[in-house]
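Next comes run.cif, with mmCIF, C-alpha atoms and all ligand atoms.
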```cif
data_input
loop_
_atom_site.label_atom_id
_atom_site.label_comp_id
_atom_site.auth_asym_id
_atom_site.auth_seq_id
_atom_site.Cartn_x
_atom_site.Cartn_y
_atom_site.Cartn_z
CA MET A 2 -0.24 -52.59 18.69
CA ILE A 3 -1.40 -49.27 17.31
CA TYR A 4 1.04 -46.74 15.92
CA HIS A 5 0.42 -43.83 13.64
CA ILE A 6 2.76 -42.94 10.84
CA PRO A 7 4.68 -39.89 11.96
CA LEU A 8 3.57 -37.57 9.23
CA HIS A 9 5.27 -34.69 10.94
CA SER A 10 5.41 -32.67 7.84
CA ILE A 11 2.62 -31.85 5.54
CA ILE A 12 4.08 -28.92 3.74
CA GLY A 13 2.20 -26.96 1.13
CA SER A 14 4.08 -24.14 -0.29
CA LEU A 15 1.58 -22.41 -2.43
CA GLN A 16 -1.15 -22.44 -4.90
CA ASN A 17 -1.72 -19.77 -7.46
CA SER A 18 -5.31 -19.68 -8.34
CA PRO A 19 -7.05 -16.39 -8.79
CA GLY A 20 -10.62 -17.18 -7.97
CA GLU A 21 -10.13 -20.90 -7.47
CA ALA A 22 -11.64 -20.68 -4.04
CA ASP A 23 -14.88 -19.25 -5.38
CA SER A 24 -17.66 -21.76 -5.69
CA LYS A 25 -17.71 -21.85 -9.52
CA LYS A 26 -14.02 -22.66 -9.81
CA ASP A 27 -14.25 -25.04 -6.89
CA THR A 28 -16.80 -27.04 -8.85
CA ILE A 29 -14.50 -27.14 -11.85
CA CYS A 30 -11.72 -28.16 -9.55
CA LEU A 31 -13.71 -31.01 -8.04
CA ASN A 32 -14.72 -32.36 -11.43
CA MET A 33 -11.39 -32.13 -13.12
CA HIS A 34 -10.96 -33.91 -16.41
CA GLN A 35 -7.22 -33.77 -16.81
CA TRP A 36 -4.54 -34.98 -14.47
CA THR A 37 -2.00 -32.33 -13.38
CA VAL A 38 1.16 -33.06 -15.33
CA GLN A 39 4.44 -31.24 -15.76
CA GLY A 40 7.48 -32.02 -17.85
CA GLY A 41 10.87 -31.72 -16.27
CA THR A 42 14.32 -33.15 -16.15
CA THR A 43 14.61 -33.56 -12.39
CA PRO A 44 12.39 -35.26 -9.79
CA GLN A 45 11.83 -31.74 -8.40
CA GLN A 46 9.98 -30.73 -11.56
CA CYS A 47 8.48 -33.84 -13.06
CA ALA A 48 4.85 -34.88 -12.67
CA SER A 49 3.76 -37.67 -15.01
CA ASP A 50 0.23 -38.45 -16.09
CA LYS A 51 -1.82 -40.22 -13.40
CA GLU A 52 1.06 -40.08 -10.95
CA VAL A 53 0.94 -38.31 -7.57
CA ASN A 54 4.32 -36.86 -6.73
CA PHE A 55 4.00 -35.49 -3.20
CA SER A 56 7.60 -34.24 -3.38
CA LEU A 57 6.51 -31.34 -5.56
CA GLY A 58 6.33 -28.27 -3.33
CA GLN A 59 5.53 -25.89 -6.16
CA PRO A 60 2.42 -24.34 -7.70
CA SER A 61 0.27 -26.39 -10.01
CA PRO A 62 1.12 -25.25 -13.57
CA ARG A 63 -2.52 -24.65 -14.45
CA LEU A 64 -2.82 -22.13 -11.64
CA LEU A 65 0.20 -19.91 -12.34
CA PRO A 66 -1.12 -16.39 -13.02
CA ILE A 67 0.25 -15.97 -16.54
CA GLU A 68 -2.47 -13.51 -17.61
CA ALA A 69 -1.76 -11.16 -14.70
CA ILE A 70 2.00 -11.33 -15.29
CA ALA A 71 1.50 -10.64 -19.01
CA GLU A 72 -0.63 -7.62 -18.21
CA ALA A 73 1.88 -6.33 -15.64
CA ALA A 74 4.70 -6.85 -18.14
CA SER A 75 2.96 -4.95 -20.90
CA ARG A 76 2.20 -2.07 -18.53
CA SER A 77 5.72 -1.85 -17.14
CA LEU A 78 7.42 -2.34 -20.52
CA ASP A 79 5.31 0.08 -22.54
CA PRO A 80 7.71 1.65 -25.09
CA ASN A 81 5.71 4.89 -25.01
CA GLY A 82 5.32 5.33 -21.29
CA SER A 83 7.91 3.31 -19.36
CA ASP A 84 11.33 4.29 -18.16
CA ARG A 85 13.78 2.99 -20.79
CA LEU A 86 16.43 2.71 -18.07
CA ILE A 87 14.65 -0.37 -16.70
CA LEU A 88 16.79 -2.20 -19.24
CA GLN A 89 19.98 -0.58 -17.96
CA TYR A 90 22.26 -1.84 -15.16
CA GLY A 91 20.46 -0.89 -11.97
CA ALA A 92 21.29 0.07 -8.38
CA ALA A 93 22.89 -2.87 -6.54
CA GLN A 94 20.24 -2.77 -3.82
CA GLY A 95 17.43 -2.86 -6.39
CA ARG A 96 15.42 -0.01 -7.91
CA PHE A 97 14.15 2.34 -5.22
CA SER A 98 10.59 2.30 -6.59
CA THR A 99 10.54 -1.53 -6.51
CA ARG A 100 11.85 -1.59 -2.93
CA GLU A 101 9.30 1.03 -1.97
CA SER A 102 6.43 -1.07 -3.38
CA VAL A 103 7.76 -4.19 -1.63
CA SER A 104 8.02 -2.24 1.63
CA VAL A 105 4.40 -1.05 1.32
CA PHE A 106 3.31 -4.61 0.50
CA LEU A 107 5.17 -6.17 3.47
CA SER A 108 4.14 -3.42 5.88
CA LYS A 109 0.49 -3.96 5.01
CA ARG A 110 0.49 -7.75 5.03
CA HIS A 111 2.50 -8.07 8.23
CA GLN A 112 1.09 -4.98 10.01
CA ILE A 113 4.62 -3.73 10.66
CA ALA A 114 6.72 -0.86 9.33
CA VAL A 115 9.32 -2.03 6.80
CA ASP A 116 11.74 0.67 5.68
CA PRO A 117 12.79 0.43 1.97
CA SER A 118 16.39 1.04 3.11
CA HIS A 119 16.20 -2.30 4.96
CA LEU A 120 15.30 -4.14 1.76
CA MET A 121 17.36 -5.43 -1.11
CA ILE A 122 15.95 -7.12 -4.22
CA SER A 123 17.16 -10.70 -4.64
CA THR A 124 16.62 -13.44 -7.20
CA GLY A 125 14.81 -15.64 -4.70
CA ASN A 126 15.80 -17.38 -1.49
CA SER A 127 18.10 -20.05 -2.95
CA ALA A 128 20.25 -17.45 -4.71
CA ALA A 129 20.08 -15.09 -1.72
CA LEU A 130 21.39 -17.88 0.52
CA GLY A 131 24.23 -18.47 -1.96
CA LEU A 132 25.05 -14.76 -2.05
CA LEU A 133 25.12 -14.65 1.74
CA CYS A 134 27.28 -17.78 1.91
CA SER A 135 29.85 -16.09 -0.26
CA ALA A 136 29.60 -12.75 1.61
CA LEU A 137 29.69 -14.21 5.14
CA ARG A 138 31.99 -17.18 4.74
CA ARG A 139 35.27 -15.34 5.28
CA THR A 140 37.40 -17.50 7.52
CA HIS A 141 34.49 -19.38 9.05
CA ALA A 142 33.88 -22.50 7.03
CA THR A 143 31.05 -23.79 9.20
CA ALA A 144 27.42 -22.83 9.60
CA PHE A 145 24.68 -24.08 11.90
CA ILE A 146 21.60 -25.56 10.27
CA GLU A 147 18.53 -27.33 11.62
CA ASP A 148 18.04 -31.10 11.47
CA PRO A 149 15.79 -31.68 9.58
CA SER A 150 15.93 -28.72 7.22
CA TYR A 151 15.06 -27.66 3.68
CA LEU A 152 16.62 -30.49 1.71
CA HIS A 153 18.50 -28.27 -0.77
CA ALA A 154 20.04 -25.87 1.76
CA PRO A 155 23.04 -28.11 2.65
CA ASN A 156 23.99 -28.29 -1.04
CA ILE A 157 24.03 -24.50 -1.30
CA LEU A 158 26.33 -24.36 1.73
CA LYS A 159 28.49 -27.11 0.26
CA SER A 160 28.81 -25.24 -3.04
CA HIS A 161 30.44 -22.45 -1.05
CA GLY A 162 32.74 -24.76 0.89
CA ILE A 163 30.74 -24.37 4.09
CA GLN A 164 30.36 -27.35 6.39
CA ALA A 165 26.91 -27.77 7.95
CA ILE A 166 26.71 -28.41 11.69
CA ARG A 167 23.26 -29.75 12.54
CA ILE A 168 21.02 -28.67 15.41
CA PRO A 169 17.85 -30.63 16.21
CA VAL A 170 14.31 -29.24 15.98
CA ASP A 171 11.61 -30.11 18.54
CA GLN A 172 7.96 -29.10 18.95
CA GLU A 173 8.91 -25.45 19.61
CA GLY A 174 11.38 -25.29 16.73
CA LEU A 175 15.18 -25.01 16.82
CA CYS A 176 16.65 -26.52 20.02
CA LEU A 177 18.40 -23.60 21.65
CA ASP A 178 20.06 -25.70 24.35
CA THR A 179 22.07 -27.50 21.67
CA LEU A 180 22.83 -24.20 19.93
CA GLU A 181 24.02 -22.66 23.19
CA HIS A 182 26.16 -25.69 23.96
CA LEU A 183 27.79 -25.50 20.51
CA LEU A 184 28.40 -21.77 20.82
CA CYS A 185 30.08 -22.26 24.19
CA THR A 186 32.25 -25.19 23.13
CA ASN A 187 33.20 -24.10 19.59
CA GLN A 188 36.44 -22.17 19.19
CA SER A 189 34.76 -19.49 17.10
CA ALA A 190 31.24 -18.48 16.12
CA PRO A 191 29.93 -20.01 12.88
CA ALA A 192 29.77 -17.98 9.66
CA PHE A 193 26.02 -17.92 10.31
CA LEU A 194 23.01 -19.89 11.51
CA TYR A 195 20.59 -20.85 8.75
CA CYS A 196 17.05 -21.52 9.95
CA ILE A 197 13.42 -21.56 8.85
CA PRO A 198 11.67 -20.01 11.84
CA THR A 199 8.13 -19.91 10.43
CA TYR A 200 6.28 -22.91 8.93
CA HIS A 201 9.51 -24.83 8.91
CA ASN A 202 10.28 -27.04 5.92
CA PRO A 203 9.80 -29.99 6.45
CA THR A 204 8.26 -30.07 9.94
CA GLY A 205 5.79 -27.20 9.49
CA ARG A 206 6.64 -25.95 13.00
CA THR A 207 7.07 -22.32 14.01
CA LEU A 208 9.73 -21.15 16.44
CA SER A 209 7.99 -20.16 19.70
CA SER A 210 8.09 -16.50 20.75
CA SER A 211 10.22 -17.22 23.84
CA ARG A 212 12.76 -19.06 21.66
CA ARG A 213 12.74 -16.24 19.08
CA LYS A 214 13.67 -13.79 21.82
CA ARG A 215 16.40 -16.04 23.21
CA LEU A 216 17.78 -16.78 19.75
CA LEU A 217 18.20 -13.07 19.07
CA GLU A 218 19.92 -12.64 22.46
CA LEU A 219 22.33 -15.47 21.64
CA ALA A 220 23.15 -13.97 18.23
CA THR A 221 23.93 -10.62 19.83
CA GLU A 222 25.94 -12.21 22.65
CA HIS A 223 28.00 -14.48 20.37
CA GLU A 224 27.97 -12.18 17.32
CA PHE A 225 26.77 -14.48 14.58
CA PRO A 226 24.34 -13.62 11.78
CA ILE A 227 21.05 -15.52 11.49
CA ILE A 228 19.83 -16.20 7.97
CA ALA A 229 16.08 -16.67 8.38
CA ASP A 230 14.67 -18.36 5.27
CA GLU A 231 11.02 -17.28 5.28
CA PRO A 232 9.23 -18.27 2.05
CA TYR A 233 5.93 -19.27 3.66
CA ASN A 234 5.08 -16.50 6.16
CA LEU A 235 2.54 -14.86 3.86
CA LEU A 236 0.74 -18.17 3.28
CA HIS A 237 -0.59 -18.32 6.82
CA PHE A 238 -3.70 -20.41 7.45
CA GLY A 239 -4.77 -18.34 10.50
CA PRO A 240 -5.93 -14.70 10.28
CA ASN A 241 -2.55 -13.01 10.76
CA ALA A 242 0.81 -13.44 9.07
CA ILE A 243 3.79 -14.10 11.33
CA PRO A 244 6.20 -11.19 10.73
CA PRO A 245 9.72 -11.87 9.45
CA LEU A 246 12.34 -12.52 12.11
CA ALA A 247 14.22 -9.40 10.92
CA SER A 248 11.33 -7.23 12.10
CA GLU A 249 11.51 -8.41 15.74
CA PRO A 250 13.03 -6.06 18.34
CA ASN A 251 16.82 -6.57 18.73
CA ALA A 252 17.08 -8.28 15.35
CA ASP A 253 20.29 -6.52 14.28
CA TRP A 254 21.91 -9.88 13.53
CA VAL A 255 19.00 -11.22 11.47
CA ILE A 256 18.85 -11.37 7.68
CA SER A 257 15.37 -12.48 6.56
CA LEU A 258 14.85 -13.90 3.08
CA GLY A 259 11.52 -13.54 1.29
CA THR A 260 10.50 -14.78 -2.15
CA PHE A 261 7.79 -14.31 -4.77
CA SER A 262 8.19 -17.99 -5.75
CA LYS A 263 5.32 -19.25 -3.65
CA ILE A 264 3.04 -16.24 -3.95
CA LEU A 265 3.38 -15.49 -7.69
CA GLY A 266 5.59 -17.98 -9.51
CA PRO A 267 9.05 -19.54 -9.03
CA GLY A 268 10.03 -18.78 -12.65
CA LEU A 269 10.11 -15.08 -11.89
CA ARG A 270 13.25 -15.67 -9.82
CA LEU A 271 12.57 -12.70 -7.57
CA GLY A 272 12.65 -12.12 -3.84
CA TRP A 273 13.86 -9.70 -1.21
CA ILE A 274 16.40 -9.57 1.58
CA HIS A 275 15.19 -7.81 4.73
CA ALA A 276 17.89 -6.77 7.20
CA SER A 277 19.42 -3.81 8.98
CA PRO A 278 21.53 -1.52 6.73
CA ARG A 279 24.85 -3.01 7.90
CA TRP A 280 24.02 -6.30 6.12
CA ILE A 281 22.61 -4.53 3.06
CA ARG A 282 25.83 -2.48 2.85
CA LEU A 283 27.88 -5.67 3.01
CA LEU A 284 25.87 -7.29 0.22
CA VAL A 285 25.86 -4.35 -2.21
CA LYS A 286 29.67 -4.35 -1.99
CA HIS A 287 29.75 -7.96 -3.23
CA GLY A 288 31.86 -8.19 -6.40
CA GLU A 289 29.05 -9.69 -8.47
CA LEU A 290 26.73 -6.81 -7.69
CA VAL A 291 29.41 -4.21 -8.23
CA SER A 292 30.00 -5.71 -11.66
CA GLY A 293 26.44 -6.61 -12.69
CA GLY A 294 24.33 -4.12 -10.73
CA GLY A 295 21.00 -4.84 -9.10
CA LEU A 296 19.42 -8.27 -9.52
CA ASN A 297 16.75 -8.90 -12.10
CA PRO A 298 15.50 -5.27 -12.45
CA VAL A 299 13.12 -5.99 -15.33
CA VAL A 300 11.24 -8.72 -13.46
CA GLY A 301 11.39 -6.51 -10.36
CA THR A 302 9.48 -3.84 -12.25
CA ILE A 303 6.87 -6.33 -13.46
CA VAL A 304 6.34 -7.70 -9.96
CA GLN A 305 6.17 -4.15 -8.64
CA GLN A 306 3.28 -3.59 -11.05
CA THR A 307 1.40 -6.59 -9.58
CA ILE A 308 1.81 -5.03 -6.13
CA ASP A 309 0.82 -1.50 -7.18
CA SER A 310 -2.26 -2.72 -9.06
CA GLY A 311 -3.49 -4.69 -6.02
CA PHE A 312 -3.33 -8.00 -7.93
CA LEU A 313 -0.78 -9.60 -5.62
CA ASP A 314 -2.85 -8.93 -2.52
CA SER A 315 -5.98 -10.53 -3.97
CA HIS A 316 -3.94 -13.37 -5.44
CA ILE A 317 -2.36 -14.23 -2.09
CA ASP A 318 -5.79 -14.31 -0.46
CA CYS A 319 -6.96 -16.80 -3.10
CA ILE A 320 -3.84 -18.93 -2.75
CA ARG A 321 -4.30 -19.07 1.00
CA LYS A 322 -7.90 -20.26 0.67
CA THR A 323 -6.89 -22.86 -1.90
CA LEU A 324 -4.06 -24.15 0.28
CA VAL A 325 -6.22 -24.35 3.38
CA HIS A 326 -8.72 -26.41 1.37
CA ARG A 327 -6.04 -28.72 -0.07
CA SER A 328 -4.34 -29.24 3.28
CA LYS A 329 -7.70 -30.17 4.85
CA ILE A 330 -8.47 -32.62 2.06
CA LEU A 331 -5.10 -34.34 2.38
CA HIS A 332 -5.19 -34.29 6.14
CA GLN A 333 -8.66 -35.84 6.22
CA SER A 334 -7.74 -38.52 3.69
CA LEU A 335 -4.69 -39.45 5.70
CA ALA A 336 -6.42 -39.26 9.07
CA ASN A 337 -9.20 -41.52 7.73
CA THR A 338 -6.87 -44.02 6.23
CA PHE A 339 -3.53 -43.83 7.97
CA TRP A 340 -4.87 -44.06 11.49
CA ILE A 341 -4.10 -47.73 11.52
CA GLY A 342 -1.42 -49.90 13.02
CA ILE A 343 1.94 -49.19 11.48
CA PRO A 344 5.06 -50.82 12.89
CA GLN A 345 7.59 -48.11 13.63
CA SER A 346 10.22 -50.29 12.08
CA ILE A 347 9.02 -49.22 8.63
CA ASP A 348 11.50 -46.87 7.06
CA ALA A 349 10.03 -44.14 4.81
CA ASN A 350 12.52 -45.20 2.11
CA THR A 351 11.07 -48.73 2.18
CA LEU A 352 7.57 -47.28 1.88
CA LEU A 353 8.74 -45.12 -1.04
CA LYS A 354 10.04 -48.21 -2.86
CA ALA A 355 6.70 -49.96 -2.33
CA ALA A 356 4.84 -46.80 -3.43
CA LYS A 357 6.67 -46.20 -6.71
CA PRO A 358 4.96 -49.00 -8.72
CA LEU A 359 1.64 -47.53 -7.57
CA ARG A 360 2.65 -44.19 -9.11
CA VAL A 361 2.88 -42.24 -5.90
CA GLN A 362 6.03 -40.56 -4.56
CA PHE A 363 7.04 -38.39 -1.62
CA THR A 364 10.18 -37.04 0.02
CA PRO A 365 11.48 -39.46 2.66
CA GLY A 366 12.54 -37.71 5.87
CA SER A 367 16.09 -38.98 5.54
CA ARG A 368 16.59 -36.55 2.63
CA CYS A 369 15.99 -33.63 5.00
CA GLY A 370 18.70 -34.37 7.54
CA PRO A 371 21.11 -36.97 8.91
CA SER A 372 19.37 -37.77 12.22
CA SER A 373 18.14 -41.36 12.35
CA ASP A 374 14.80 -40.00 13.65
CA ASN A 375 14.11 -38.60 10.19
CA HIS A 376 13.91 -42.09 8.68
CA THR A 377 10.38 -42.71 9.90
CA PHE A 378 9.01 -39.46 8.49
CA MET A 379 7.79 -38.48 5.07
CA ARG A 380 7.24 -35.04 3.65
CA LEU A 381 4.04 -34.58 1.68
CA SER A 382 3.46 -31.37 -0.26
CA PHE A 383 -0.14 -30.51 -1.08
CA SER A 384 0.25 -27.39 -3.20
CA PHE A 385 0.69 -28.98 -6.63
CA TYR A 386 -2.33 -31.23 -7.03
CA GLU A 387 -6.07 -30.82 -7.19
CA PRO A 388 -8.12 -32.19 -4.26
CA GLU A 389 -9.14 -35.40 -6.11
CA GLU A 390 -5.53 -36.11 -6.96
CA LEU A 391 -4.52 -35.62 -3.33
CA VAL A 392 -7.21 -38.09 -2.22
CA GLU A 393 -6.08 -40.59 -4.86
CA GLY A 394 -2.44 -40.16 -3.76
CA ALA A 395 -3.35 -40.76 -0.11
CA GLU A 396 -5.22 -43.95 -1.06
CA ARG A 397 -2.26 -45.22 -3.04
CA LEU A 398 0.04 -44.56 -0.07
CA VAL A 399 -2.23 -46.66 2.10
CA THR A 400 -2.20 -49.46 -0.47
CA ALA A 401 1.60 -49.29 -0.55
CA LEU A 402 1.70 -49.53 3.20
CA HIS A 403 -0.51 -52.60 3.14
CA THR A 404 1.90 -54.33 0.78
CA LEU A 405 4.52 -53.97 3.51
CA LEU A 406 2.26 -55.07 6.32
CA ASP A 407 0.66 -58.05 4.64
N1 LIG A 501 13.84 -22.19 1.11
C1 LIG A 501 12.85 -23.02 1.48
C2 LIG A 501 12.69 -23.36 2.92
C3 LIG A 501 11.99 -23.54 0.53
O1 LIG A 501 11.02 -24.39 0.92
C4 LIG A 501 12.17 -23.20 -0.83
C5 LIG A 501 11.29 -23.74 -1.92
N2 LIG A 501 10.83 -24.99 -1.80
C6 LIG A 501 13.21 -22.33 -1.16
C7 LIG A 501 14.02 -21.84 -0.17
C8 LIG A 501 13.47 -21.93 -2.59
O2 LIG A 501 13.11 -20.57 -2.72
P1 LIG A 501 13.30 -19.79 -4.08
O3 LIG A 501 12.33 -20.34 -5.06
O4 LIG A 501 12.98 -18.36 -3.72
O5 LIG A 501 14.71 -19.96 -4.53
#
```
Rendering of file as C-alpha cells:
Amino acid sequence: MIYHIPLHSIIGSLQNSPGEADSKKDTICLNMHQWTVQGGTTPQQCASDKEVNFSLGQPSPRLLPIEAIAEAASRSLDPNGSDRLILQYGAAQGRFSTRESVSVFLSKRHQIAVDPSHLMISTGNSAALGLLCSALRRTHATAFIEDPSYLHAPNILKSHGIQAIRIPVDQEGLCLDTLEHLLCTNQSAPAFLYCIPTYHNPTGRTLSSSRRKRLLELATEHEFPIIADEPYNLLHFGPNAIPPLASEPNADWVISLGTFSKILGPGLRLGWIHASPRWIRLLVKHGELVSGGGLNPVVGTIVQQTIDSGFLDSHIDCIRKTLVHRSKILHQSLANTFWIGIPQSIDANTLLKAAKPLRVQFTPGSRCGPSSDNHTFMRLSFSFYEPEELVEGAERLVTALHTLLD
C-alpha cells in the first residue's frame, strides 16, 4: 500500500539575509563550511553542531542584520542630533513618528491605507496576545482557538486563566460551521477568538475570502473580538502580500497583530497592533501602560530608522527570496524521498524518537493541538538552516522512517 506522510505543515517563518539571494552569496551558501549552531537553554532556541532541528522557526543567527541595526541605532541615538526624550516614558500608544513610519510601511507593502491612529506599538505578538488576554478577559474565561494552532498560544491563554475551546481547521482554514454551532449553543460569547488567518502555523493554510467575510459577519452578529495573529503576511511567496484581517471591510471586531520578529529579528521585541480606535483606546487604558507608558520606545525608534532609510523594504525582499529557495529545497528533498509507502499507523512522536539518535528533530503535530488527527503530522520549519543542512535533515528523517519500517 502506498501512503504519503502527511506533511501538512512546512512552515518557514523568516530568513534575514541581505543579499543572500544574489548569486555570489548563494554560492557561499551552497558551499558552507560551518554548520548553523545556536546556544540556548530551551529546545526552542538550541541548535547543536551537525544537528538539524526542524522545530526552530526563527532566523538563522548568521543572517540577522546586526550591521543595519547598529547603524540605525547610532543614527537614532546620536547625542548631538536625536531627541533626548526617546529615553523618557512615552505615549501609551507608541511614539507618533514611529506609528507614522509603520503606517507608511504597511500601506506600501499591503497596498492599503493604514491610519497611524489605528496602530499601537507592541513588544511583539506573544506579548500583545498576553496584553489582550488581560484586557479582554473580564468575566469571560474562555476563548476560541484553532486546532491545530501556534503551539505556544494556549500557554499564553492559560497564564491569564483563559480556557481554550478548540475549533478545527480544514483546507479553507478555520471551520466556521463549528464556530457558528458553538456561538449558538454557548451561554455567552467567548472573551475572543484567536486565529492565524494567513499562512497558518502549523498548517500553512490561508483562510479563504468567503470565510473571511463570514467570520467578520459572525463577530459582528455575536459581538466577540477576533485576535488575528499575523506574523507571516509580509513573507508571501507570491507577488502580493495578503492584507491584515483588520484592514478588511466590516472589520470593527478585528485586532490584527504584526511583528518585526520574522522580518528583522525576534530579539528586538517589537511589533504593532492594528485595530479600530475602540480597541486601541481600551489597550492604552491598561494599567501597565498607564504606569509604564508606551512599549519599547527606544527600539521603536531604531526600527523606525530601518523603515525610513528603506533598509527594511529591501531586507524583506531578500528574506522572501531566501525563504522561497529554502522551502523549494526542503520540499524537493522530501518529495523525492518521502514519496514512499508509510503506514498511517506511524505516530509523529514515534518517528521523533527514532529521529533523535540521528540528530534530527521536528515538532510533532500533537504539540499543536489535542485532536487525534494531529498525531500523524509533523511541523518542519525551513527558515533556520542553509539549503545543504535542510537536505541533510530530510535524508536523516527518511533514514529514521526506515528504522521504523524495517
Ligand atoms: N504567533 C505565531 C503564529 C508565531 O508563529 C510566532 C513565532 N513563531 C509568534 C506568534 C511569536 O511572535 P513574537 O516573536 O512577535 O512574539
Skipping near chain neighbours, those fewer than 6 positions away, what residues fall within 9 Å of Asp50 of chain A using only C-alpha atoms, listed as a PyMOL selection string? chain A and resi 35-39
At most 7 Å is the cut-off: for each residue in chain A with any atom that close to an atom of ligand LIG 501 (chain A), write down the nearest atom pair and the distance in Å rounded to one decimal, counting all atoms listed in the file, chain first then increasing number, as JSON lines.
```
{"residue": "A:Ser14", "atom": "CA", "partner": "A:LIG501", "partner_atom": "N2", "distance": 7.0}
{"residue": "A:Gly58", "atom": "CA", "partner": "A:LIG501", "partner_atom": "N2", "distance": 5.8}
{"residue": "A:Gln59", "atom": "CA", "partner": "A:LIG501", "partner_atom": "N2", "distance": 6.9}
{"residue": "A:Gly125", "atom": "CA", "partner": "A:LIG501", "partner_atom": "O4", "distance": 3.4}
{"residue": "A:Asn126", "atom": "CA", "partner": "A:LIG501", "partner_atom": "O4", "distance": 3.7}
{"residue": "A:Ser127", "atom": "CA", "partner": "A:LIG501", "partner_atom": "O5", "distance": 3.7}
{"residue": "A:Ala128", "atom": "CA", "partner": "A:LIG501", "partner_atom": "O5", "distance": 6.1}
{"residue": "A:Tyr151", "atom": "CA", "partner": "A:LIG501", "partner_atom": "C2", "distance": 5.0}
{"residue": "A:Ile197", "atom": "CA", "partner": "A:LIG501", "partner_atom": "C2", "distance": 6.2}
{"residue": "A:His201", "atom": "CA", "partner": "A:LIG501", "partner_atom": "C2", "distance": 6.9}
{"residue": "A:Asn202", "atom": "CA", "partner": "A:LIG501", "partner_atom": "C2", "distance": 5.3}
{"residue": "A:Asp230", "atom": "CA", "partner": "A:LIG501", "partner_atom": "N1", "distance": 5.7}
{"residue": "A:Glu231", "atom": "CA", "partner": "A:LIG501", "partner_atom": "C2", "distance": 6.7}
{"residue": "A:Pro232", "atom": "CA", "partner": "A:LIG501", "partner_atom": "C1", "distance": 6.0}
{"residue": "A:Thr260", "atom": "CA", "partner": "A:LIG501", "partner_atom": "O4", "distance": 4.6}
{"residue": "A:Phe261", "atom": "CA", "partner": "A:LIG501", "partner_atom": "O4", "distance": 6.7}
{"residue": "A:Ser262", "atom": "CA", "partner": "A:LIG501", "partner_atom": "O3", "distance": 4.8}
{"residue": "A:Pro267", "atom": "CA", "partner": "A:LIG501", "partner_atom": "O3", "distance": 5.2}
{"residue": "A:Arg270", "atom": "CA", "partner": "A:LIG501", "partner_atom": "O4", "distance": 6.7}
{"residue": "A:Leu271", "atom": "CA", "partner": "A:LIG501", "partner_atom": "O4", "distance": 6.9}
{"residue": "A:Gly272", "atom": "CA", "partner": "A:LIG501", "partner_atom": "O4", "distance": 6.2}
```
Compare A:Val392, A:Leu217, A:Leu137, A:Ala73 by their minimum atom-to-atom distance to Lys329 of chain A, counting all atoms listed in the file, and give me the closest one.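 For Lys329 of chain A, the nearest of the given residues is A:Val392.
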Considering all atoms listed in the file, can you say which of A:His223, A:Lys322, A:Arg327, A:Arg360 comes closest to Ser382 of chain A? A:Arg327
Within 9 Å of Ala356 of chain A, counting all atoms listed in the file, which residues qualify if same-chain residues fewer than 3 places away don't, as a PyMOL selection string? chain A and resi 351-353+359-363+397-402
